[in-house]
Amino acid sequence: MLHSSRRDFLAATAAAAAGFTPLAADAAKIVKGVFANGDRPLVAFPQKRPLMVLTPRPPQLETPFEIFDDGVLTPNDAFFVRWHLAGIPTTVDAAKHRIKVGGLVDHPLSLSLADLKKYEAVEVLAVNQCSGNSRGFFTPRVPGGEWQNGAMGNARWKGARLQDILAKAGVGAGAKQVQFHGLEGPVFPETPAFRKSLDVGMATSNPDIIVAYEMNGAPMPLLNGYPVRLIVPGWFATYWVKMLSEITVLDHVDDNFWMKTAYRIPATPNASVAPTDKGYATVPINKMVVRSFITNLKDGATLKAGNHIVRGIAFDGGSGIHAVQLSTDGGTTWTSTPLEADYGPYSFRRWHAYIALQSGTQLTLACRAQANDGSMQVVTPIWNPSGYQRSSIETYKVSVA
Amino acid sequence: MTISKTVAALTAVAALTALAAFAATPSKKMPANSSGVVSISLPGDLGFAFKPGPGSNLANSLCLSCHSEAYVATQPPFNKAAWTAEIVKMRNVYGAKISDDQVAPLADYLTSNYGTP
């Protein structure tokens with residue numbers, strides 16, 4: 001509740017805010033919710049512009065959607081933030097930071113940032129999207145981080161290839177998975193530490209997975225994982241471990257909570273089940289599913305009659321975007337739109353279209369993308385109990401004045 | 001070479017009215033120095049706090065160690081069964097220290113203040 005009237009709340013707030021300059025009430029800005037309990041205050045966290053606050057502790061900050069209209073890259077200070085556990089170091093000394101490479105390896109390593117920069121540097125433009133992006137739109141609603149569509153961003157990441165690091169360490173025979181861990185820690189020791197794993201085949205053969213020390217040409221904001229973050233292009237953000245500090249080669253399939261119990265999707269078509277379904281098999285969430293959005297207007301917008309440009313973005317799990325189509329009649333007929341510059345298969349792909357609007361009309365715009373692997377957005381929203389990988393066709397009601 | 005840079009959180013809450021005040025100010029640019037110390041201050045709970053009422057003392061003592069009240073307030077209005085499941089999950093999965101006889105009063109508090117019957 002955005003509320004603080006009782007005396008003890010005031011005291012608690014004052015203590016929590018020690019060291020901050022209170023600002024006037026008229027500076028308050030709240031982004032109105034599009035689902036129940038969806039109002040989000042806009043607050044500028046350190047190294048960030050004002051973003052939509054889901055939870056301040058641990059910080060979970062959503063990018064206001066109009067920012068995706070500004071360009072193909074999401075600026076570092078606008079990039080969404082999502083931590084699981086509130087034990088986040090607030091001071092990080094990059095010079096002292098080490099990544100320990102161990103487990104089933106021939107030569108354990110302890111890599112400084114300088115060591116990391118001795119590996120061939122590679123750059124990749126890649127979308128980082130939370131597994132639960134758009135969770136708030138699930139019907140029926142499910143518990144979790146109640147995001148609109150802004151728990152995603154696209155950045156130019158620069159770093160060393162994971163496969164080069166693992167080759168240097170020498171992966172031992174019988175390795176099954178490679179586990180990643182960062183400096184994020186739990187408040188209570190009983191809370192499972194956040195660890196994520198990839199199959200060893202993928203970790204040693206995918207040249208696009210990098211340990212990144214740069215984001216859009218600059219060190220990444222602390223809240224996005226400074227000083228180094230794992231980048232797994234095409235895969236959901238849960239694997240993109242922030243403040244990466246340990247790479248451990250496992251001789252077994254990781255059975256820690258964040259792999260075995262959390263972040264799993266039904267092993268069903270489109271990862272969809274009915275709310276009453278029970279006992280289905282699950283798999284760890286993995287590759288992202290193709291999506292597209294309009295970025296220069298919102299659902300419920302009122303526009304003037306005349307010619308308009310409609311701009312948007314599309315992306316998938318790494319095959320690249322084949323086509324984006326726009327409908328002005330709620331999905332009955334579709335027209336292909338010109339795709340803009342191609343920044344690689346993992347990046348946002350911008351597209352645009354021109355539409356003519358007649359005054360006094362109401363219409364429903366819709367966009368749908370097809371990926372190079374043939375996959376296409378579906379009409380019917382999926383459902384699963386964790387609220388993962390929503391990806392159905394977005395619609396936008398527009399009234400013409 | 002170490003460059004120490006403290007970036008203070010640019011906002012704080014002025015709890016002036018029933019609605020907390022949230023400030024939106026532009027962020028400061030960080031120097032592009034990847035061998036530096038970066039130090040930030042997080043702004044605490046920004047005025048998110050459990051609604052007063054019977055049972056709020058339990059929520060205040062049992063539900064604020066790991067995260068702010070916002071995690072509760074941003075959830076959809078769950079029924080009692082769903083809130084009970086959340087409380088049990090917090091205990092069994094994340095290690096929240098909640099005794100059996102605290103589950104029902106907590107669920108009642110959450111359902112009447114953040115839920116639907």
# chains A, B, ... in the order shown; residues from 1 in each chain; ligands from 1

$ residues_around --residues "segment 372-379 of chain A" --least-positions-apart "2" --cutoff "8 Å" --atoms "only C-alpha atoms" --output "ChimeraX atom specification"
/A:290-291,319-322,368-370,381,391-393

$ write_last_selection --atoms "N, CA and C atoms" --output "mmCIF file, in the first residue's frame"
data_model
loop_
_atom_site.group_PDB
_atom_site.id
_atom_site.type_symbol
_atom_site.label_atom_id
_atom_site.label_comp_id
_atom_site.auth_asym_id
_atom_site.auth_seq_id
_atom_site.Cartn_x
_atom_site.Cartn_y
_atom_site.Cartn_z
ATOM 1 N N VAL A 290 8.561 -15.798 -29.888
ATOM 2 C CA VAL A 290 8.435 -14.606 -30.740
ATOM 3 C C VAL A 290 7.337 -13.663 -30.232
ATOM 4 N N ARG A 291 7.649 -12.368 -30.211
ATOM 5 C CA ARG A 291 6.700 -11.333 -29.767
ATOM 6 C C ARG A 291 6.841 -10.094 -30.641
ATOM 7 N N SER A 319 16.280 -16.775 -33.722
ATOM 8 C CA SER A 319 16.329 -17.105 -35.149
ATOM 9 C C SER A 319 16.219 -15.833 -35.982
ATOM 10 N N GLY A 320 15.754 -14.765 -35.371
ATOM 11 C CA GLY A 320 15.579 -13.499 -36.085
ATOM 12 C C GLY A 320 14.156 -13.363 -36.600
ATOM 13 N N ILE A 321 13.793 -12.134 -36.940
ATOM 14 C CA ILE A 321 12.422 -11.857 -37.361
ATOM 15 C C ILE A 321 12.303 -11.968 -38.872
ATOM 16 N N HIS A 322 11.348 -12.766 -39.303
ATOM 17 C CA HIS A 322 11.093 -12.954 -40.735
ATOM 18 C C HIS A 322 10.144 -11.880 -41.253
ATOM 19 N N ARG A 368 1.508 -8.879 -35.458
ATOM 20 C CA ARG A 368 1.977 -10.251 -35.229
ATOM 21 C C ARG A 368 3.274 -10.467 -35.984
ATOM 22 N N ALA A 369 4.176 -11.166 -35.332
ATOM 23 C CA ALA A 369 5.483 -11.413 -35.928
ATOM 24 C C ALA A 369 5.653 -12.885 -36.210
ATOM 25 N N GLN A 370 6.427 -13.141 -37.277
ATOM 26 C CA GLN A 370 6.844 -14.512 -37.576
ATOM 27 C C GLN A 370 8.361 -14.537 -37.527
ATOM 28 N N PRO A 381 -4.165 -16.080 -25.669
ATOM 29 C CA PRO A 381 -3.118 -16.009 -24.646
ATOM 30 C C PRO A 381 -2.908 -17.358 -23.975
ATOM 31 N N SER A 391 3.108 -14.335 -24.837
ATOM 32 C CA SER A 391 3.639 -13.987 -26.157
ATOM 33 C C SER A 391 2.551 -13.868 -27.214
ATOM 34 N N SER A 392 1.294 -13.867 -26.800
ATOM 35 C CA SER A 392 0.221 -13.825 -27.797
ATOM 36 C C SER A 392 0.156 -12.452 -28.480
ATOM 37 N N ILE A 393 -0.638 -12.388 -29.535
ATOM 38 C CA ILE A 393 -0.761 -11.166 -30.336
ATOM 39 C C ILE A 393 -1.318 -10.024 -29.484
#

$ residues_around --residues "segment 53-62 of chain B" --least-positions-apart "2" --cutoff "8 Å" --atoms "only C-alpha atoms" --output "number ranges by chain"
B: 50-51, 64-65, 96-98, 102, 105-106, 108-109

$ select_by_dssp --residues "segment 149-245 of chain A" --states "strand (DSSP E)" --output "VMD selection string"
chain A and resid 152 to 161 177 to 182 195 to 199 210 to 215 229 to 231 244 to 245

$ residues_around --residues "Val101 of chain A" --least-positions-apart "5" --cutoff "8 Å" --atoms "only C-alpha atoms" --output "VMD selection string"
chain A and resid 108 to 111 169 246 to 249

$ write_last_selection --atoms "all heavy atoms" --output "PDB file, in the first residue's frame"
ATOM      1  N   PRO A 108      41.240 -24.916 -12.433  1.00  0.00           N
ATOM      2  CA  PRO A 108      40.373 -23.884 -11.850  1.00  0.00           C
ATOM      3  C   PRO A 108      40.979 -22.491 -12.091  1.00  0.00           C
ATOM      4  O   PRO A 108      42.200 -22.335 -12.071  1.00  0.00           O
ATOM      5  CB  PRO A 108      40.370 -24.227 -10.360  1.00  0.00           C
ATOM      6  CG  PRO A 108      40.794 -25.660 -10.290  1.00  0.00           C
ATOM      7  CD  PRO A 108      41.702 -25.892 -11.443  1.00  0.00           C
ATOM      8  N   LEU A 109      40.105 -21.531 -12.342  1.00  0.00           N
ATOM      9  CA  LEU A 109      40.576 -20.178 -12.636  1.00  0.00           C
ATOM     10  C   LEU A 109      39.966 -19.198 -11.636  1.00  0.00           C
ATOM     11  O   LEU A 109      38.913 -19.457 -11.064  1.00  0.00           O
ATOM     12  CB  LEU A 109      40.140 -19.744 -14.041  1.00  0.00           C
ATOM     13  CG  LEU A 109      40.471 -20.639 -15.228  1.00  0.00           C
ATOM     14  CD1 LEU A 109      39.773 -20.130 -16.494  1.00  0.00           C
ATOM     15  CD2 LEU A 109      41.979 -20.685 -15.441  1.00  0.00           C
ATOM     16  N   SER A 110      40.643 -18.082 -11.465  1.00  0.00           N
ATOM     17  CA  SER A 110      40.083 -16.964 -10.727  1.00  0.00           C
ATOM     18  C   SER A 110      40.335 -15.736 -11.594  1.00  0.00           C
ATOM     19  O   SER A 110      41.450 -15.245 -11.676  1.00  0.00           O
ATOM     20  CB  SER A 110      40.761 -16.835  -9.363  1.00  0.00           C
ATOM     21  OG  SER A 110      40.304 -15.667  -8.724  1.00  0.00           O
ATOM     22  N   LEU A 111      39.295 -15.304 -12.281  1.00  0.00           N
ATOM     23  CA  LEU A 111      39.457 -14.278 -13.313  1.00  0.00           C
ATOM     24  C   LEU A 111      39.127 -12.889 -12.786  1.00  0.00           C
ATOM     25  O   LEU A 111      38.042 -12.660 -12.263  1.00  0.00           O
ATOM     26  CB  LEU A 111      38.538 -14.581 -14.506  1.00  0.00           C
ATOM     27  CG  LEU A 111      38.744 -15.911 -15.236  1.00  0.00           C
ATOM     28  CD1 LEU A 111      37.647 -16.119 -16.263  1.00  0.00           C
ATOM     29  CD2 LEU A 111      40.126 -15.939 -15.903  1.00  0.00           C
ATOM     30  N   ALA A 169      39.766 -23.415 -18.941  1.00  0.00           N
ATOM     31  CA  ALA A 169      39.679 -24.183 -17.694  1.00  0.00           C
ATOM     32  C   ALA A 169      39.721 -25.681 -17.963  1.00  0.00           C
ATOM     33  O   ALA A 169      40.161 -26.451 -17.113  1.00  0.00           O
ATOM     34  CB  ALA A 169      38.400 -23.820 -16.951  1.00  0.00           C
ATOM     35  N   GLU A 246      30.755 -16.871  -9.861  1.00  0.00           N
ATOM     36  CA  GLU A 246      31.163 -18.283  -9.875  1.00  0.00           C
ATOM     37  C   GLU A 246      30.623 -18.990 -11.109  1.00  0.00           C
ATOM     38  O   GLU A 246      29.444 -18.860 -11.440  1.00  0.00           O
ATOM     39  CB  GLU A 246      30.597 -19.029  -8.647  1.00  0.00           C
ATOM     40  CG  GLU A 246      31.310 -18.713  -7.360  1.00  0.00           C
ATOM     41  CD  GLU A 246      30.587 -19.334  -6.167  1.00  0.00           C
ATOM     42  OE1 GLU A 246      30.026 -20.453  -6.305  1.00  0.00           O
ATOM     43  OE2 GLU A 246      30.567 -18.686  -5.108  1.00  0.00           O
ATOM     44  N   ILE A 247      31.512 -19.732 -11.760  1.00  0.00           N
ATOM     45  CA  ILE A 247      31.115 -20.617 -12.857  1.00  0.00           C
ATOM     46  C   ILE A 247      31.567 -22.009 -12.435  1.00  0.00           C
ATOM     47  O   ILE A 247      32.759 -22.236 -12.230  1.00  0.00           O
ATOM     48  CB  ILE A 247      31.800 -20.205 -14.183  1.00  0.00           C
ATOM     49  CG1 ILE A 247      31.435 -18.760 -14.567  1.00  0.00           C
ATOM     50  CG2 ILE A 247      31.445 -21.180 -15.298  1.00  0.00           C
ATOM     51  CD1 ILE A 247      32.170 -18.236 -15.804  1.00  0.00           C
ATOM     52  N   THR A 248      30.621 -22.906 -12.252  1.00  0.00           N
ATOM     53  CA  THR A 248      30.967 -24.223 -11.704  1.00  0.00           C
ATOM     54  C   THR A 248      30.493 -25.316 -12.649  1.00  0.00           C
ATOM     55  O   THR A 248      29.302 -25.393 -12.963  1.00  0.00           O
ATOM     56  CB  THR A 248      30.303 -24.417 -10.320  1.00  0.00           C
ATOM     57  OG1 THR A 248      30.580 -23.273  -9.517  1.00  0.00           O
ATOM     58  CG2 THR A 248      30.820 -25.675  -9.635  1.00  0.00           C
ATOM     59  N   VAL A 249      31.404 -26.144 -13.099  1.00  0.00           N
ATOM     60  CA  VAL A 249      31.035 -27.248 -13.983  1.00  0.00           C
ATOM     61  C   VAL A 249      30.548 -28.408 -13.116  1.00  0.00           C
ATOM     62  O   VAL A 249      31.242 -28.834 -12.184  1.00  0.00           O
ATOM     63  CB  VAL A 249      32.221 -27.657 -14.873  1.00  0.00           C
ATOM     64  CG1 VAL A 249      31.849 -28.845 -15.751  1.00  0.00           C
ATOM     65  CG2 VAL A 249      32.684 -26.474 -15.734  1.00  0.00           C
TER      66      VAL A 249
END

$ residues_around --residues "Ala121 of chain A" --least-positions-apart "2" --cutoff "9 Å" --atoms "only C-alpha atoms" --output "list in words"
Leu116, Lys117, Lys118, Tyr119, Glu123, Lys158, Gly159, Ala160 and Arg161 of chain A

$ residues_around --residues "Ala356 of chain A" --least-positions-apart "5" --cutoff "8 Å" --atoms "only C-alpha atoms" --output "short mmCIF file (atom, residue, chain, number, x, y, z; two decimals) with N, CA, C and O atoms, in the first residue's frame"
data_model
loop_
_atom_site.label_atom_id
_atom_site.label_comp_id
_atom_site.auth_asym_id
_atom_site.auth_seq_id
_atom_site.Cartn_x
_atom_site.Cartn_y
_atom_site.Cartn_z
N ALA A 305 -7.78 12.34 -36.87
CA ALA A 305 -7.98 11.78 -38.21
C ALA A 305 -6.80 12.17 -39.10
O ALA A 305 -6.15 13.18 -38.87
N GLY A 306 -6.52 11.33 -40.09
CA GLY A 306 -5.42 11.63 -41.00
C GLY A 306 -4.43 10.49 -41.06
O GLY A 306 -4.72 9.37 -40.60
N ASN A 307 -3.27 10.77 -41.64
CA ASN A 307 -2.25 9.74 -41.81
C ASN A 307 -1.37 9.63 -40.58
O ASN A 307 -0.97 10.65 -40.00
N HIS A 308 -1.09 8.42 -40.19
CA HIS A 308 -0.25 8.17 -39.02
C HIS A 308 0.78 7.12 -39.33
O HIS A 308 0.53 6.20 -40.11
#

$ closest_residue --among "A:Arg82, A:Lys397, A:Arg390, A:Arg57" --to "Arg135 of chain A" --atoms "only C-alpha atoms"
A:Arg390

$ residues_around --residues "Gln389 of chain A" --least-positions-apart "2" --cutoff "10 Å" --atoms "only C-alpha atoms" --output "PDB file with N, CA, C and O atoms, in the first residue's frame"
ATOM      1  N   GLN A 129      14.902 -10.397 -21.564  1.00  0.00           N
ATOM      2  CA  GLN A 129      13.497 -10.329 -21.170  1.00  0.00           C
ATOM      3  C   GLN A 129      13.230 -11.247 -19.982  1.00  0.00           C
ATOM      4  O   GLN A 129      13.571 -12.436 -19.998  1.00  0.00           O
ATOM      5  N   CYS A 130      12.598 -10.710 -18.964  1.00  0.00           N
ATOM      6  CA  CYS A 130      12.220 -11.480 -17.788  1.00  0.00           C
ATOM      7  C   CYS A 130      11.260 -12.595 -18.191  1.00  0.00           C
ATOM      8  O   CYS A 130      10.358 -12.383 -19.007  1.00  0.00           O
ATOM      9  N   SER A 131      11.435 -13.763 -17.591  1.00  0.00           N
ATOM     10  CA  SER A 131      10.537 -14.892 -17.855  1.00  0.00           C
ATOM     11  C   SER A 131       9.087 -14.504 -17.594  1.00  0.00           C
ATOM     12  O   SER A 131       8.170 -14.977 -18.251  1.00  0.00           O
ATOM     13  N   GLY A 132       8.901 -13.640 -16.601  1.00  0.00           N
ATOM     14  CA  GLY A 132       7.548 -13.254 -16.204  1.00  0.00           C
ATOM     15  C   GLY A 132       7.103 -11.925 -16.781  1.00  0.00           C
ATOM     16  O   GLY A 132       6.128 -11.348 -16.285  1.00  0.00           O
ATOM     17  N   ASN A 133       7.802 -11.445 -17.818  1.00  0.00           N
ATOM     18  CA  ASN A 133       7.344 -10.204 -18.441  1.00  0.00           C
ATOM     19  C   ASN A 133       5.873 -10.371 -18.834  1.00  0.00           C
ATOM     20  O   ASN A 133       5.487 -11.421 -19.344  1.00  0.00           O
ATOM     21  N   SER A 134       5.068  -9.342 -18.564  1.00  0.00           N
ATOM     22  CA  SER A 134       3.636  -9.333 -18.905  1.00  0.00           C
ATOM     23  C   SER A 134       2.794 -10.245 -18.004  1.00  0.00           C
ATOM     24  O   SER A 134       1.628 -10.505 -18.307  1.00  0.00           O
ATOM     25  N   ARG A 135       3.347 -10.697 -16.884  1.00  0.00           N
ATOM     26  CA  ARG A 135       2.601 -11.601 -15.995  1.00  0.00           C
ATOM     27  C   ARG A 135       1.261 -11.008 -15.558  1.00  0.00           C
ATOM     28  O   ARG A 135       0.274 -11.727 -15.386  1.00  0.00           O
ATOM     29  N   PHE A 236      15.660 -16.512 -21.881  1.00  0.00           N
ATOM     30  CA  PHE A 236      15.071 -15.619 -20.888  1.00  0.00           C
ATOM     31  C   PHE A 236      16.115 -15.153 -19.864  1.00  0.00           C
ATOM     32  O   PHE A 236      17.101 -15.842 -19.590  1.00  0.00           O
ATOM     33  N   ILE A 265       8.490 -24.439 -16.925  1.00  0.00           N
ATOM     34  CA  ILE A 265       7.278 -24.267 -17.722  1.00  0.00           C
ATOM     35  C   ILE A 265       6.693 -25.638 -18.037  1.00  0.00           C
ATOM     36  O   ILE A 265       7.424 -26.637 -18.091  1.00  0.00           O
ATOM     37  N   ASN A 270       3.137 -24.558 -26.452  1.00  0.00           N
ATOM     38  CA  ASN A 270       3.161 -23.157 -26.025  1.00  0.00           C
ATOM     39  C   ASN A 270       3.269 -22.999 -24.507  1.00  0.00           C
ATOM     40  O   ASN A 270       2.941 -21.931 -23.979  1.00  0.00           O
ATOM     41  N   ALA A 271       3.701 -24.032 -23.807  1.00  0.00           N
ATOM     42  CA  ALA A 271       3.839 -23.971 -22.344  1.00  0.00           C
ATOM     43  C   ALA A 271       2.533 -23.582 -21.669  1.00  0.00           C
ATOM     44  O   ALA A 271       2.519 -22.926 -20.635  1.00  0.00           O
ATOM     45  N   SER A 272       1.427 -23.997 -22.275  1.00  0.00           N
ATOM     46  CA  SER A 272       0.127 -23.596 -21.773  1.00  0.00           C
ATOM     47  C   SER A 272      -0.614 -24.776 -21.157  1.00  0.00           C
ATOM     48  O   SER A 272      -0.549 -25.900 -21.662  1.00  0.00           O
ATOM     49  N   ILE A 285      12.528 -23.253 -18.007  1.00  0.00           N
ATOM     50  CA  ILE A 285      12.262 -22.268 -19.056  1.00  0.00           C
ATOM     51  C   ILE A 285      13.546 -22.071 -19.856  1.00  0.00           C
ATOM     52  O   ILE A 285      14.645 -22.252 -19.321  1.00  0.00           O
ATOM     53  N   ASN A 286      13.429 -21.748 -21.117  1.00  0.00           N
ATOM     54  CA  ASN A 286      14.645 -21.651 -21.926  1.00  0.00           C
ATOM     55  C   ASN A 286      14.563 -20.521 -22.938  1.00  0.00           C
ATOM     56  O   ASN A 286      14.616 -19.359 -22.581  1.00  0.00           O
ATOM     57  N   LYS A 287      14.395 -20.878 -24.233  1.00  0.00           N
ATOM     58  CA  LYS A 287      14.426 -19.889 -25.306  1.00  0.00           C
ATOM     59  C   LYS A 287      13.197 -18.978 -25.275  1.00  0.00           C
ATOM     60  O   LYS A 287      12.106 -19.429 -24.959  1.00  0.00           O
ATOM     61  N   MET A 288      13.381 -17.737 -25.659  1.00  0.00           N
ATOM     62  CA  MET A 288      12.236 -16.827 -25.717  1.00  0.00           C
ATOM     63  C   MET A 288      11.352 -17.163 -26.915  1.00  0.00           C
ATOM     64  O   MET A 288      11.789 -17.786 -27.879  1.00  0.00           O
ATOM     65  N   VAL A 289      10.116 -16.718 -26.807  1.00  0.00           N
ATOM     66  CA  VAL A 289       9.110 -16.981 -27.830  1.00  0.00           C
ATOM     67  C   VAL A 289       8.877 -15.677 -28.600  1.00  0.00           C
ATOM     68  O   VAL A 289       8.977 -14.587 -28.028  1.00  0.00           O
ATOM     69  N   VAL A 290       8.561 -15.798 -29.888  1.00  0.00           N
ATOM     70  CA  VAL A 290       8.435 -14.606 -30.740  1.00  0.00           C
ATOM     71  C   VAL A 290       7.337 -13.663 -30.232  1.00  0.00           C
ATOM     72  O   VAL A 290       6.252 -14.108 -29.847  1.00  0.00           O
ATOM     73  N   ARG A 291       7.649 -12.368 -30.211  1.00  0.00           N
ATOM     74  CA  ARG A 291       6.700 -11.333 -29.767  1.00  0.00           C
ATOM     75  C   ARG A 291       6.841 -10.094 -30.641  1.00  0.00           C
ATOM     76  O   ARG A 291       7.892  -9.850 -31.226  1.00  0.00           O
ATOM     77  N   ILE A 382      -1.662 -17.682 -23.699  1.00  0.00           N
ATOM     78  CA  ILE A 382      -1.375 -18.925 -22.986  1.00  0.00           C
ATOM     79  C   ILE A 382      -1.634 -18.705 -21.496  1.00  0.00           C
ATOM     80  O   ILE A 382      -1.816 -17.580 -21.037  1.00  0.00           O
ATOM     81  N   TRP A 383      -1.638 -19.806 -20.739  1.00  0.00           N
ATOM     82  CA  TRP A 383      -1.733 -19.712 -19.276  1.00  0.00           C
ATOM     83  C   TRP A 383      -0.867 -20.791 -18.642  1.00  0.00           C
ATOM     84  O   TRP A 383      -0.831 -21.941 -19.118  1.00  0.00           O
ATOM     85  N   ASN A 384      -0.131 -20.431 -17.635  1.00  0.00           N
ATOM     86  CA  ASN A 384       0.555 -21.397 -16.770  1.00  0.00           C
ATOM     87  C   ASN A 384       0.651 -20.768 -15.386  1.00  0.00           C
ATOM     88  O   ASN A 384       0.565 -19.547 -15.248  1.00  0.00           O
ATOM     89  N   SER A 386       2.867 -20.076 -13.239  1.00  0.00           N
ATOM     90  CA  SER A 386       3.921 -19.144 -12.849  1.00  0.00           C
ATOM     91  C   SER A 386       3.885 -17.849 -13.652  1.00  0.00           C
ATOM     92  O   SER A 386       4.652 -16.928 -13.376  1.00  0.00           O
ATOM     93  N   GLY A 387       3.028 -17.796 -14.664  1.00  0.00           N
ATOM     94  CA  GLY A 387       2.939 -16.568 -15.451  1.00  0.00           C
ATOM     95  C   GLY A 387       4.137 -16.329 -16.342  1.00  0.00           C
ATOM     96  O   GLY A 387       4.603 -15.205 -16.484  1.00  0.00           O
ATOM     97  N   SER A 391       3.108 -14.335 -24.837  1.00  0.00           N
ATOM     98  CA  SER A 391       3.639 -13.987 -26.157  1.00  0.00           C
ATOM     99  C   SER A 391       2.551 -13.868 -27.214  1.00  0.00           C
ATOM    100  O   SER A 391       2.857 -13.750 -28.390  1.00  0.00           O
ATOM    101  N   SER A 392       1.294 -13.867 -26.800  1.00  0.00           N
ATOM    102  CA  SER A 392       0.221 -13.825 -27.797  1.00  0.00           C
ATOM    103  C   SER A 392       0.156 -12.452 -28.480  1.00  0.00           C
ATOM    104  O   SER A 392       0.794 -11.494 -28.053  1.00  0.00           O
TER     105      SER A 392
END

$ atom_distance --atom1 "atom CA of Val72 of chain A" --atom2 "atom CA of Asp208 of chain A"
19.4 Å

$ atom_distance --atom1 "atom CA of Ala104 of chain B" --atom2 "atom CA of Pro385 of chain A"
23.5 Å

$ select_by_dssp --residues "segment 65-110 of chain B" --states "alpha helix (DSSP H)" --output "list of chain:residue names"
B:Ala70, B:Tyr71, B:Val72, B:Ala73, B:Lys80, B:Ala81, B:Ala82, B:Trp83, B:Thr84, B:Ala85, B:Glu86, B:Ile87, B:Val88, B:Lys89, B:Met90, B:Arg91, B:Asn92, B:Asp100, B:Asp101, B:Gln102, B:Val103, B:Ala104, B:Pro105, B:Leu106, B:Ala107, B:Asp108, B:Tyr109, B:Leu110

$ write_last_selection --atoms "N, CA and C atoms" --output "short mmCIF file (atom, residue, chain, number, x, y, z; two decimals), in the first residue's frame"
data_model
loop_
_atom_site.label_atom_id
_atom_site.label_comp_id
_atom_site.auth_asym_id
_atom_site.auth_seq_id
_atom_site.Cartn_x
_atom_site.Cartn_y
_atom_site.Cartn_z
N ALA B 70 5.49 -4.02 -0.75
CA ALA B 70 5.05 -3.87 -2.14
C ALA B 70 4.81 -5.22 -2.81
N TYR B 71 5.57 -6.25 -2.40
CA TYR B 71 5.36 -7.56 -3.01
C TYR B 71 3.95 -8.07 -2.74
N VAL B 72 3.40 -7.69 -1.59
CA VAL B 72 2.03 -8.07 -1.26
C VAL B 72 1.03 -7.15 -1.97
N ALA B 73 1.29 -5.84 -1.88
CA ALA B 73 0.33 -4.85 -2.39
C ALA B 73 0.16 -4.92 -3.90
N LYS B 80 -8.63 -16.26 0.30
CA LYS B 80 -7.91 -16.73 1.48
C LYS B 80 -7.04 -17.96 1.19
N ALA B 81 -7.55 -18.83 0.33
CA ALA B 81 -6.77 -20.03 0.00
C ALA B 81 -5.46 -19.63 -0.69
N ALA B 82 -5.54 -18.67 -1.60
CA ALA B 82 -4.34 -18.25 -2.32
C ALA B 82 -3.35 -17.54 -1.39
N TRP B 83 -3.88 -16.70 -0.48
CA TRP B 83 -2.98 -16.04 0.48
C TRP B 83 -2.35 -17.07 1.41
N THR B 84 -3.14 -18.06 1.82
CA THR B 84 -2.59 -19.10 2.68
C THR B 84 -1.45 -19.82 1.96
N ALA B 85 -1.66 -20.11 0.69
CA ALA B 85 -0.62 -20.78 -0.09
C ALA B 85 0.65 -19.92 -0.16
N GLU B 86 0.48 -18.60 -0.30
CA GLU B 86 1.65 -17.71 -0.34
C GLU B 86 2.42 -17.75 0.99
N ILE B 87 1.67 -17.71 2.09
CA ILE B 87 2.32 -17.72 3.41
C ILE B 87 3.09 -19.02 3.61
N VAL B 88 2.45 -20.12 3.23
CA VAL B 88 3.10 -21.43 3.39
C VAL B 88 4.33 -21.53 2.48
N LYS B 89 4.20 -20.95 1.27
CA LYS B 89 5.36 -20.94 0.36
C LYS B 89 6.52 -20.15 0.98
N MET B 90 6.22 -18.99 1.56
CA MET B 90 7.27 -18.18 2.17
C MET B 90 8.00 -18.96 3.27
N ARG B 91 7.23 -19.76 3.99
CA ARG B 91 7.83 -20.55 5.07
C ARG B 91 8.60 -21.74 4.52
N ASN B 92 7.93 -22.55 3.68
CA ASN B 92 8.54 -23.81 3.25
C ASN B 92 9.66 -23.62 2.22
N ASP B 100 2.75 -22.52 12.93
CA ASP B 100 1.47 -23.01 12.42
C ASP B 100 0.29 -22.12 12.84
N ASP B 101 0.32 -21.69 14.12
CA ASP B 101 -0.83 -20.91 14.61
C ASP B 101 -0.82 -19.46 14.12
N GLN B 102 0.23 -19.07 13.41
CA GLN B 102 0.25 -17.71 12.84
C GLN B 102 -0.29 -17.67 11.42
N VAL B 103 -0.41 -18.85 10.78
CA VAL B 103 -0.80 -18.87 9.37
C VAL B 103 -2.21 -18.34 9.18
N ALA B 104 -3.16 -18.83 9.96
CA ALA B 104 -4.56 -18.43 9.77
C ALA B 104 -4.78 -16.93 10.03
N PRO B 105 -4.29 -16.38 11.18
CA PRO B 105 -4.48 -14.94 11.37
C PRO B 105 -3.80 -14.09 10.30
N LEU B 106 -2.64 -14.54 9.83
CA LEU B 106 -1.99 -13.80 8.74
C LEU B 106 -2.84 -13.84 7.47
N ALA B 107 -3.36 -15.03 7.18
CA ALA B 107 -4.19 -15.18 5.97
C ALA B 107 -5.44 -14.32 6.09
N ASP B 108 -6.03 -14.25 7.30
CA ASP B 108 -7.20 -13.39 7.50
C ASP B 108 -6.84 -11.93 7.25
N TYR B 109 -5.72 -11.52 7.81
CA TYR B 109 -5.29 -10.13 7.63
C TYR B 109 -5.07 -9.81 6.14
N LEU B 110 -4.36 -10.69 5.44
CA LEU B 110 -4.06 -10.43 4.03
C LEU B 110 -5.33 -10.45 3.19
#

$ residues_around --residues "Gly318 of chain A" --least-positions-apart "4" --cutoff "7 Å" --atoms "only C-alpha atoms" --output "number ranges by chain"
A: 233-234, 345-346

$ closest_residue --among "A:Pro56, A:Gly174, A:Gly136, A:Pro266" --to "Gly47 of chain B" --atoms "only C-alpha atoms"
A:Pro56

$ atom_distance --atom1 "atom CA of Arg349 of chain A" --atom2 "atom CA of Met152 of chain A"
13.8 Å
